[in-house]
Amino acid sequence: MAVTEPRSAPIRKLLVANRGEIARRIFRTARAMGIATVAVCSDADVSAPFVREADEAVRLPGVAPVDTYLRADLVVAAAQAAGADAVHPGYGFLSENAGFARAVLADGLVWVGPPPSAIEAMGSKLAAKELMRQAGVPTLPWAIDPADADGVGFPLLVKASAGGGGRGMRIVRSPGELDEAVASARREAGSAFGDETVFLERYVEAPRHIEIQVFADTQGNAVSLFERECSIQRRHQKIVEESPSPAVDADLRRRMGEAAVAAARAVGYIGAGTVEFVYADATGEFAFLEMNTRLQVEHPVTELVTGLDLVRLQLLVAMGAPLPAEALAPTMSGHAIEVRLYAEDAAAGFLPATGTLRAFDVPAGAGTAPAVATVRVDSGFVAGDVVSPHYDPMLAKVIAHAPTRTEAAALLAHALRRARLHGVTTNRDLLVRILDSADFRAGRTDTAFLDRNDVAALAAPLVDDSDRRVHAVAAAMAVQAHHRHGAAVWRGIPSGWRNNPSQPQRLRLAAATGDVEVDYAFGRGGSVTVHVDGEPVDAVVHEATPATVDLTVGGVRRTCLVAIDDVAPGRTVVDVDSPLGSSSYDVAPRFPVADAAAAAGSLVAPMPGSVVRVLTESGADVTAGQPLVVLEAMKMEHTVAAPADGVVSEVRVAPGQQVDAGAVLVVLDGAAAANSDQITTAVNTDQITEEQLDAH
Amino acid sequence: MPVLPDRVDRDAPEFAARRAALLGLLAEVEEQLALARGGGGEKYVERHRKRGKLLARERVELLLDPDSPFLELSPLAAWGTNYTVGASVVTGVGVVEGTEVLVVANDPTVRGGASNPFTAKKSGRAAQIAEENRLPVVNLVESGGADLPTQSEIFIPGGRGFRDLTRKSAAAIPTISLVFGNSTAGGAYIPGMSDYIVMVKERAKVFLGGPPLVKMATGEESDDEELGGAEMHARVSGLADYLAVDELDAIRLGRQIVRRLNRHKLGAAPVSSYAEPRYDAEDLLGMIPTDLREPFDPRDVLARILDGSEFDEFKPLYGSSLVTGWGQLHGYPLGVLANARGVLFQEESEKAAQFIQLANQSDTPLLFLQNTTGYMVGKDYEQRGIIKAGAQMINAVSNSDVPHFTVNIGASYGAGNYGMCGRAYDPRFLFTWPNAKSAVMGPAQLAGVLSIVARQSAEARGKPYDEEQDRQMRELVENQIEAESRALFLTARVYDDGIIDPRDTRTVLGIALSVAHNNPVQGRRGFGVFRM
């Protein structure tokens, strides 16, 4: 079908069939090229930055990806509705869906991606491997039938044919584990990609993951834009990527580049693609893994070392233009490292985290002029956004570019340390510790990096115990300033002033690392006596506002940035960021909720009346709110319910019995029955009757 | 705007000497404050804590808004008497849920929190402050009632306390009692007369007569809980509005009650932005002469307490022994009368009377900085009518309706004390610097007068005058009057609202001004007859 073949035409309005940071990234280039932008958005994303930044937006009703960003028909309809003339799929979602590409093309739109046939050729990992073998690209042994596992050899990997990003992937070290691994990989592949096909592939222990960025245009040019190393992964997902790879020299780079270009040519590739290889340090050999027929998450590292805008190249190629000269003769300059900042709890097995990003600021930008080093932040979030459980929890990609690898790592680690990330647990501390680790600095990176290193230790808070005291003091000073700023009266009177001081002010803070208690008393001239957990702290507070605390502790003066947020009724969170790192505290309430713990409770008749029903018996377990006795008095039914969970130790009344006000009806045992007050509800009996009649 | 100059020579030898002397006096005060904070002493504090109870000041601290200031009143009441300094009660003005309140907390470590005559005086003064300034009252109750050995001194004034409570309630000044322990017999009326009552479960005991008394009176057998337990009062008698599970819960409930009082201050709000004084209040310590006979310029004090050190002096060239003028303190407008050279002459008196009238016309609160030896005496002055002039000033002070604040910064003797709004003239607040003295006249003068009178009497009877006995008598009297003139002696008797560190003067007055503005500040527009 001719209509589904790539079409080259000018692009005036581009729809990005994606969300988050990649949508913003593509819009950025589009704007720079004078191309109008259209976003599509699920109901969860209606006020997301990428939607606000687009010229136009079309809603995809629903929240789940399968109802929204994976709906090719809706996206194409959106392009039509907005009058877009081209569609960029970003990465993930429909980016490697040949059917979608065909639908776009069938609609007369420009598809900013490779030909559907190339997607298909590479989309089936199996067919791709066969194709590569034929093209002379080194490949690993593989098999489709689990019965052929021995031919592949153990350890092996079960992979989703249609997969990527580690989903639907299982390592199998012995034949016994095979069946279960295949079954679960199929299930995951089915739900993630809508295709249950899996295959087996030889698993190389702790290889490096090195990939080549390739670019091909419609004029027959195909070029390698050098390698990216993405060895450091968690749960098979890349978290640190860099270019060049410390393992690749000029010769290897040339050989891998040639293999990658050959692979692209083998499938008639057009546009941006990435050919992934495994590389074993021990043998110096590399083998084809797969080709990603889209723009990669980690494309910025290539952009920074080559100075090329890959999205621009994609758009140029899609419009039918040849690759520009600078892309045909690319050069590498300096070193770029990218980390993926995730909303996740690394220490808890990389559990995705959600919440409201109360503050979200990663210091970016160039340092000196002419810039020798820069930090780039690609993010889909701004402060105030909610990190929802619906989509990928990646908050940002932070990329540093510097003349050397060492400098880039240092610069990146520093930017991360100084980032203000409030409200959501992130892997920031893990990333910083990886970048600072001896292994990383020495270039000893491979896919087993996080197996070799203790993740719990790497994910431990950057702020150590003594630094935490500084932060606790800063938190207390900011909170007291906050109290004083908000004071209805006596605002100008010195904080906590006493003419007969009997005790210091006390702030209790709860942190993930434990509770901390700060006692402080101001003296004359702003001097302050501070104790943290009873230990004196030599602190001089130069200035304290609710947002900034300038203080000297132990002879070192620092400015701590503080954010105080009432995140929920009765819950205040204090975040402190300083050169020492970041701390987050919950302010402990001054008056803890009175715990319901005391003696057994006697439930008494609230007024004189007769017992209509007894709904419990001695020895029965009852739960809070459970009706126990129903009384009738004054045409009202009064239900006496259990005030708390407990055990009925005694029932003193029977149906029909007349009771006086205050007569004990039921005695409850159990710790919780204690302080809770009796619950009695009344219903008009006439009303009941009428309603019952109505019902019949 | 006229700004007061900085005229303090911090390098002068007397600066250091004066500072050292004043720090010595402050240390003496602090020593007594520490005793007051110690309540009934370690043994009783320990016993109280072992019962799982909070100390009086701990309860107060929890009641107050975090980081808010607290001005404790009469902290050294009963100093130098047979009673524990502090008079077994803590009183003060503080902020709860953004509302200025008067707090009264019994100190149960001092004889079970029993009231003695000084307790009555101190609580009575606190009640007066609450009433005059429309402050809600929070009573933190735990008291064994009246100190029985002194019942005769406490029975009548103590009874007034209950009346004060309900009078306040009638004036729509809310009264709240948080009952932490005993509050029995007459003491039961402290919660009893309150608008809101919180009782701590298994701790509060509120009854007219305990089990022994009941047994004696009627033969009935009963226990504490049945007669006055918190549960009983919350569920049966209805005396308790809230049942607290523990002390913290009671304080939480107290704060919750205040939050819903819907209090609004009726006086004008202070200006929101104002400058601090230009000069350090620390200088005050080095400025105050150790010898009261040495006058000092009150403008140097004003330069360290008024906003921006700005002061518009009124009538600077007339009656210059008294400084009058306008300024602002923590955003509140303020008229100031301050003695400059001790003596009040006719001109000073008339100037004061006029100035006080002006403040009433403009609804401006007045600050009196006392440092006076009194009205001038002598033939000339009497004949020119110093009594008439003094009467004018006293008339003006007495009938002025704007809030008055008095600080005795040096001396306050004789009728000068009255004209400069001494205690009997009901300033809203009166504070004393530790160096200050006050009496009907100076010790030497008083002893001298007695000596002259005795000599005249001896002469009239034709008896020889014993000079040695006269010397002894004068020394004795001088020492007695000297002791009775001291700040500690006066504060012990609640003749002021507390001795303050001179460096805290601005802070204390800022709180006092704010408190006074719970009522409208409205001057009197028609005075009594001024005798000319």
# chains A, B, ... in the order shown; residues from 1 in each chain; ligands from 1
$ residues_around --residues "stretch 348-360 of chain B" --least-positions-apart "4" --cutoff "7 Å" --atoms "only C-alpha atoms" --output "number ranges by chain"
B: 319, 321-322, 335, 344, 364-365, 389-390, 392-393, 396-397, 400-402, 523-525
$ select_by_dssp --residues "stretch 31-156 of chain A" --states "strand (DSSP E or B)" --output "list in words"
Ala36, Thr37, Val38, Ala39, Val40, Cys41, Ser42, Glu56, Ala57, Val58, Arg59, Leu60, Ala86, Val87, His88, Val110, Trp111, Thr139, Trp142, Ala143 and Leu156 of chain A
$ closest_residue --among "A:Val301, A:Ala476, A:Ala329, A:Val152" --to "chain B" --atoms "only C-alpha atoms"
A:Ala476
$ residues_around --residues "B:Phe311" --least-positions-apart "2" --cutoff "12 Å" --atoms "only C-alpha atoms" --output "PDB file with N, CA and C atoms, in the first residue's frame"
ATOM      1  N   MET B   1      11.203  63.483  60.835  1.00  0.00           N
ATOM      2  CA  MET B   1      10.790  63.228  62.224  1.00  0.00           C
ATOM      3  C   MET B   1      11.995  63.380  63.146  1.00  0.00           C
ATOM      4  N   PRO B   2      11.787  64.048  64.271  1.00  0.00           N
ATOM      5  CA  PRO B   2      12.918  64.250  65.184  1.00  0.00           C
ATOM      6  C   PRO B   2      13.400  62.907  65.739  1.00  0.00           C
ATOM      7  N   VAL B   3      14.676  62.681  65.584  1.00  0.00           N
ATOM      8  CA  VAL B   3      15.271  61.446  66.087  1.00  0.00           C
ATOM      9  C   VAL B   3      16.141  61.790  67.277  1.00  0.00           C
ATOM     10  N   LEU B   4      15.978  61.064  68.335  1.00  0.00           N
ATOM     11  CA  LEU B   4      16.786  61.323  69.529  1.00  0.00           C
ATOM     12  C   LEU B   4      18.239  60.952  69.246  1.00  0.00           C
ATOM     13  N   PRO B   5      19.159  61.752  69.745  1.00  0.00           N
ATOM     14  CA  PRO B   5      20.582  61.476  69.480  1.00  0.00           C
ATOM     15  C   PRO B   5      21.116  60.374  70.396  1.00  0.00           C
ATOM     16  N   PRO B 277      14.301  50.684  67.549  1.00  0.00           N
ATOM     17  CA  PRO B 277      15.114  51.824  67.994  1.00  0.00           C
ATOM     18  C   PRO B 277      16.500  51.790  67.337  1.00  0.00           C
ATOM     19  N   PRO B 298      15.859  61.121  80.584  1.00  0.00           N
ATOM     20  CA  PRO B 298      14.988  60.035  80.127  1.00  0.00           C
ATOM     21  C   PRO B 298      14.942  59.932  78.602  1.00  0.00           C
ATOM     22  N   ARG B 299      15.398  61.002  77.915  1.00  0.00           N
ATOM     23  CA  ARG B 299      15.417  60.926  76.447  1.00  0.00           C
ATOM     24  C   ARG B 299      16.359  59.819  75.986  1.00  0.00           C
ATOM     25  N   ASP B 300      17.416  59.584  76.790  1.00  0.00           N
ATOM     26  CA  ASP B 300      18.339  58.499  76.435  1.00  0.00           C
ATOM     27  C   ASP B 300      17.651  57.134  76.591  1.00  0.00           C
ATOM     28  N   VAL B 301      16.689  57.075  77.500  1.00  0.00           N
ATOM     29  CA  VAL B 301      15.907  55.846  77.650  1.00  0.00           C
ATOM     30  C   VAL B 301      14.934  55.726  76.476  1.00  0.00           C
ATOM     31  N   LEU B 302      14.245  56.849  76.204  1.00  0.00           N
ATOM     32  CA  LEU B 302      13.268  56.826  75.103  1.00  0.00           C
ATOM     33  C   LEU B 302      13.944  56.462  73.783  1.00  0.00           C
ATOM     34  N   ALA B 303      15.187  56.917  73.604  1.00  0.00           N
ATOM     35  CA  ALA B 303      15.921  56.622  72.366  1.00  0.00           C
ATOM     36  C   ALA B 303      16.121  55.127  72.199  1.00  0.00           C
ATOM     37  N   ARG B 304      15.970  54.379  73.283  1.00  0.00           N
ATOM     38  CA  ARG B 304      16.204  52.931  73.239  1.00  0.00           C
ATOM     39  C   ARG B 304      14.927  52.105  73.386  1.00  0.00           C
ATOM     40  N   ILE B 305      13.801  52.785  73.456  1.00  0.00           N
ATOM     41  CA  ILE B 305      12.554  52.002  73.535  1.00  0.00           C
ATOM     42  C   ILE B 305      11.513  52.417  72.487  1.00  0.00           C
ATOM     43  N   LEU B 306      11.632  53.621  71.937  1.00  0.00           N
ATOM     44  CA  LEU B 306      10.617  54.062  70.975  1.00  0.00           C
ATOM     45  C   LEU B 306      10.973  53.615  69.558  1.00  0.00           C
ATOM     46  N   ASP B 307       9.959  53.394  68.746  1.00  0.00           N
ATOM     47  CA  ASP B 307      10.165  53.014  67.341  1.00  0.00           C
ATOM     48  C   ASP B 307      11.055  54.046  66.653  1.00  0.00           C
ATOM     49  N   GLY B 308      12.099  53.557  66.035  1.00  0.00           N
ATOM     50  CA  GLY B 308      12.987  54.428  65.271  1.00  0.00           C
ATOM     51  C   GLY B 308      13.669  55.491  66.110  1.00  0.00           C
ATOM     52  N   SER B 309      13.593  55.357  67.437  1.00  0.00           N
ATOM     53  CA  SER B 309      14.142  56.372  68.353  1.00  0.00           C
ATOM     54  C   SER B 309      13.564  57.757  68.060  1.00  0.00           C
ATOM     55  N   GLU B 313       9.034  66.036  70.924  1.00  0.00           N
ATOM     56  CA  GLU B 313       8.902  66.569  72.280  1.00  0.00           C
ATOM     57  C   GLU B 313       7.912  67.716  72.314  1.00  0.00           C
ATOM     58  N   PHE B 314       7.090  67.720  73.335  1.00  0.00           N
ATOM     59  CA  PHE B 314       6.050  68.734  73.525  1.00  0.00           C
ATOM     60  C   PHE B 314       6.507  69.685  74.617  1.00  0.00           C
ATOM     61  N   PRO B 316       9.159  71.643  75.009  1.00  0.00           N
ATOM     62  CA  PRO B 316      10.499  71.315  75.515  1.00  0.00           C
ATOM     63  C   PRO B 316      11.134  72.437  76.346  1.00  0.00           C
ATOM     64  N   VAL B 323       9.839  65.731  80.943  1.00  0.00           N
ATOM     65  CA  VAL B 323       9.846  65.608  79.487  1.00  0.00           C
ATOM     66  C   VAL B 323       8.493  65.070  79.049  1.00  0.00           C
ATOM     67  N   THR B 324       7.845  65.755  78.101  1.00  0.00           N
ATOM     68  CA  THR B 324       6.604  65.225  77.535  1.00  0.00           C
ATOM     69  C   THR B 324       6.757  65.172  76.017  1.00  0.00           C
ATOM     70  N   GLY B 325       6.036  64.265  75.391  1.00  0.00           N
ATOM     71  CA  GLY B 325       6.118  64.212  73.939  1.00  0.00           C
ATOM     72  C   GLY B 325       5.465  62.966  73.386  1.00  0.00           C
ATOM     73  N   TRP B 326       5.502  62.891  72.065  1.00  0.00           N
ATOM     74  CA  TRP B 326       4.808  61.818  71.351  1.00  0.00           C
ATOM     75  C   TRP B 326       5.802  60.904  70.651  1.00  0.00           C
ATOM     76  N   GLY B 327       5.455  59.661  70.661  1.00  0.00           N
ATOM     77  CA  GLY B 327       6.278  58.688  69.935  1.00  0.00           C
ATOM     78  C   GLY B 327       5.417  57.497  69.570  1.00  0.00           C
ATOM     79  N   GLN B 328       6.079  56.413  69.261  1.00  0.00           N
ATOM     80  CA  GLN B 328       5.371  55.196  68.873  1.00  0.00           C
ATOM     81  C   GLN B 328       6.160  54.020  69.424  1.00  0.00           C
ATOM     82  N   LEU B 329       5.461  52.980  69.843  1.00  0.00           N
ATOM     83  CA  LEU B 329       6.158  51.821  70.400  1.00  0.00           C
ATOM     84  C   LEU B 329       5.514  50.548  69.851  1.00  0.00           C
ATOM     85  N   PRO B 333       0.754  54.307  68.875  1.00  0.00           N
ATOM     86  CA  PRO B 333       1.072  55.691  69.258  1.00  0.00           C
ATOM     87  C   PRO B 333       1.113  55.799  70.778  1.00  0.00           C
ATOM     88  N   LEU B 334       1.956  56.682  71.237  1.00  0.00           N
ATOM     89  CA  LEU B 334       2.201  56.756  72.669  1.00  0.00           C
ATOM     90  C   LEU B 334       2.568  58.174  73.066  1.00  0.00           C
ATOM     91  N   GLY B 335       1.942  58.667  74.144  1.00  0.00           N
ATOM     92  CA  GLY B 335       2.378  59.909  74.759  1.00  0.00           C
ATOM     93  C   GLY B 335       3.265  59.580  75.950  1.00  0.00           C
ATOM     94  N   VAL B 336       4.308  60.347  76.162  1.00  0.00           N
ATOM     95  CA  VAL B 336       5.271  60.024  77.215  1.00  0.00           C
ATOM     96  C   VAL B 336       5.382  61.180  78.202  1.00  0.00           C
ATOM     97  N   LEU B 337       5.363  60.856  79.492  1.00  0.00           N
ATOM     98  CA  LEU B 337       5.738  61.810  80.531  1.00  0.00           C
ATOM     99  C   LEU B 337       6.894  61.188  81.291  1.00  0.00           C
TER     100      LEU B 337
END
$ closest_atom_pairs --of "chain B" --to "chain A" --cutoff "6 Å" --atoms "only C-alpha atoms" --output "tab-separated table"
residue	atom	partner	partner_atom	distance
B:Asp67	CA	A:Gly496	CA	4.2
B:Ser68	CA	A:Gly496	CA	4.8
B:Pro69	CA	A:Trp497	CA	4.4
B:Phe70	CA	A:Arg498	CA	5.4
B:Gly98	CA	A:Ala488	CA	5.2
B:Thr507	CA	A:Ile493	CA	5.9
$ write_last_selection --atoms "C-alpha atoms" --output "PDB file, in the first residue's frame"
ATOM      1  CA  ASP B  67       7.271  30.553  69.877  1.00  0.00           C
ATOM      2  CA  SER B  68       4.886  33.189  71.183  1.00  0.00           C
ATOM      3  CA  PRO B  69       6.118  35.485  73.952  1.00  0.00           C
ATOM      4  CA  PHE B  70       4.788  35.301  77.503  1.00  0.00           C
ATOM      5  CA  GLY B  98      -3.667  34.013  68.254  1.00  0.00           C
ATOM      6  CA  THR B 507       9.261  44.388  74.759  1.00  0.00           C
TER       7      THR B 507
END
$ atom_distance --atom1 "atom CA of A:Val305" --atom2 "atom CA of A:Gly268"
26.7 Å
$ decode --residues "stretch 253-283 of chain B" --atoms "C-alpha atoms" --output "PDB file, in the first residue's frame"
ATOM      1  CA  LEU B 253      -9.036  21.137  74.639  1.00  0.00           C
ATOM      2  CA  GLY B 254      -8.274  24.468  76.305  1.00  0.00           C
ATOM      3  CA  ARG B 255      -6.639  25.688  73.109  1.00  0.00           C
ATOM      4  CA  GLN B 256      -9.551  24.361  71.102  1.00  0.00           C
ATOM      5  CA  ILE B 257     -11.988  26.322  73.270  1.00  0.00           C
ATOM      6  CA  VAL B 258     -10.015  29.545  72.881  1.00  0.00           C
ATOM      7  CA  ARG B 259      -9.890  29.039  69.108  1.00  0.00           C
ATOM      8  CA  ARG B 260     -13.694  29.153  69.019  1.00  0.00           C
ATOM      9  CA  LEU B 261     -14.137  32.144  71.320  1.00  0.00           C
ATOM     10  CA  ASN B 262     -14.355  34.388  68.311  1.00  0.00           C
ATOM     11  CA  ARG B 263     -12.412  37.137  70.023  1.00  0.00           C
ATOM     12  CA  HIS B 264     -11.755  40.391  68.249  1.00  0.00           C
ATOM     13  CA  LYS B 265      -9.705  43.196  69.606  1.00  0.00           C
ATOM     14  CA  LEU B 266     -11.724  46.388  69.873  1.00  0.00           C
ATOM     15  CA  GLY B 267      -8.749  48.738  69.874  1.00  0.00           C
ATOM     16  CA  ALA B 268      -6.941  49.900  66.755  1.00  0.00           C
ATOM     17  CA  ALA B 269      -4.320  47.594  65.314  1.00  0.00           C
ATOM     18  CA  PRO B 270      -0.722  48.805  65.418  1.00  0.00           C
ATOM     19  CA  VAL B 271       0.877  50.041  62.224  1.00  0.00           C
ATOM     20  CA  SER B 272       2.310  46.984  60.553  1.00  0.00           C
ATOM     21  CA  SER B 273       5.671  48.384  59.664  1.00  0.00           C
ATOM     22  CA  TYR B 274       7.878  50.294  62.035  1.00  0.00           C
ATOM     23  CA  ALA B 275      11.547  50.707  62.798  1.00  0.00           C
ATOM     24  CA  GLU B 276      13.305  49.298  65.812  1.00  0.00           C
ATOM     25  CA  PRO B 277      15.114  51.824  67.994  1.00  0.00           C
ATOM     26  CA  ARG B 278      18.377  53.008  66.494  1.00  0.00           C
ATOM     27  CA  TYR B 279      20.394  52.350  69.619  1.00  0.00           C
ATOM     28  CA  ASP B 280      21.093  49.200  71.529  1.00  0.00           C
ATOM     29  CA  ALA B 281      19.029  48.621  74.655  1.00  0.00           C
ATOM     30  CA  GLU B 282      22.184  47.184  76.204  1.00  0.00           C
ATOM     31  CA  ASP B 283      23.299  50.790  76.725  1.00  0.00           C
TER      32      ASP B 283
END
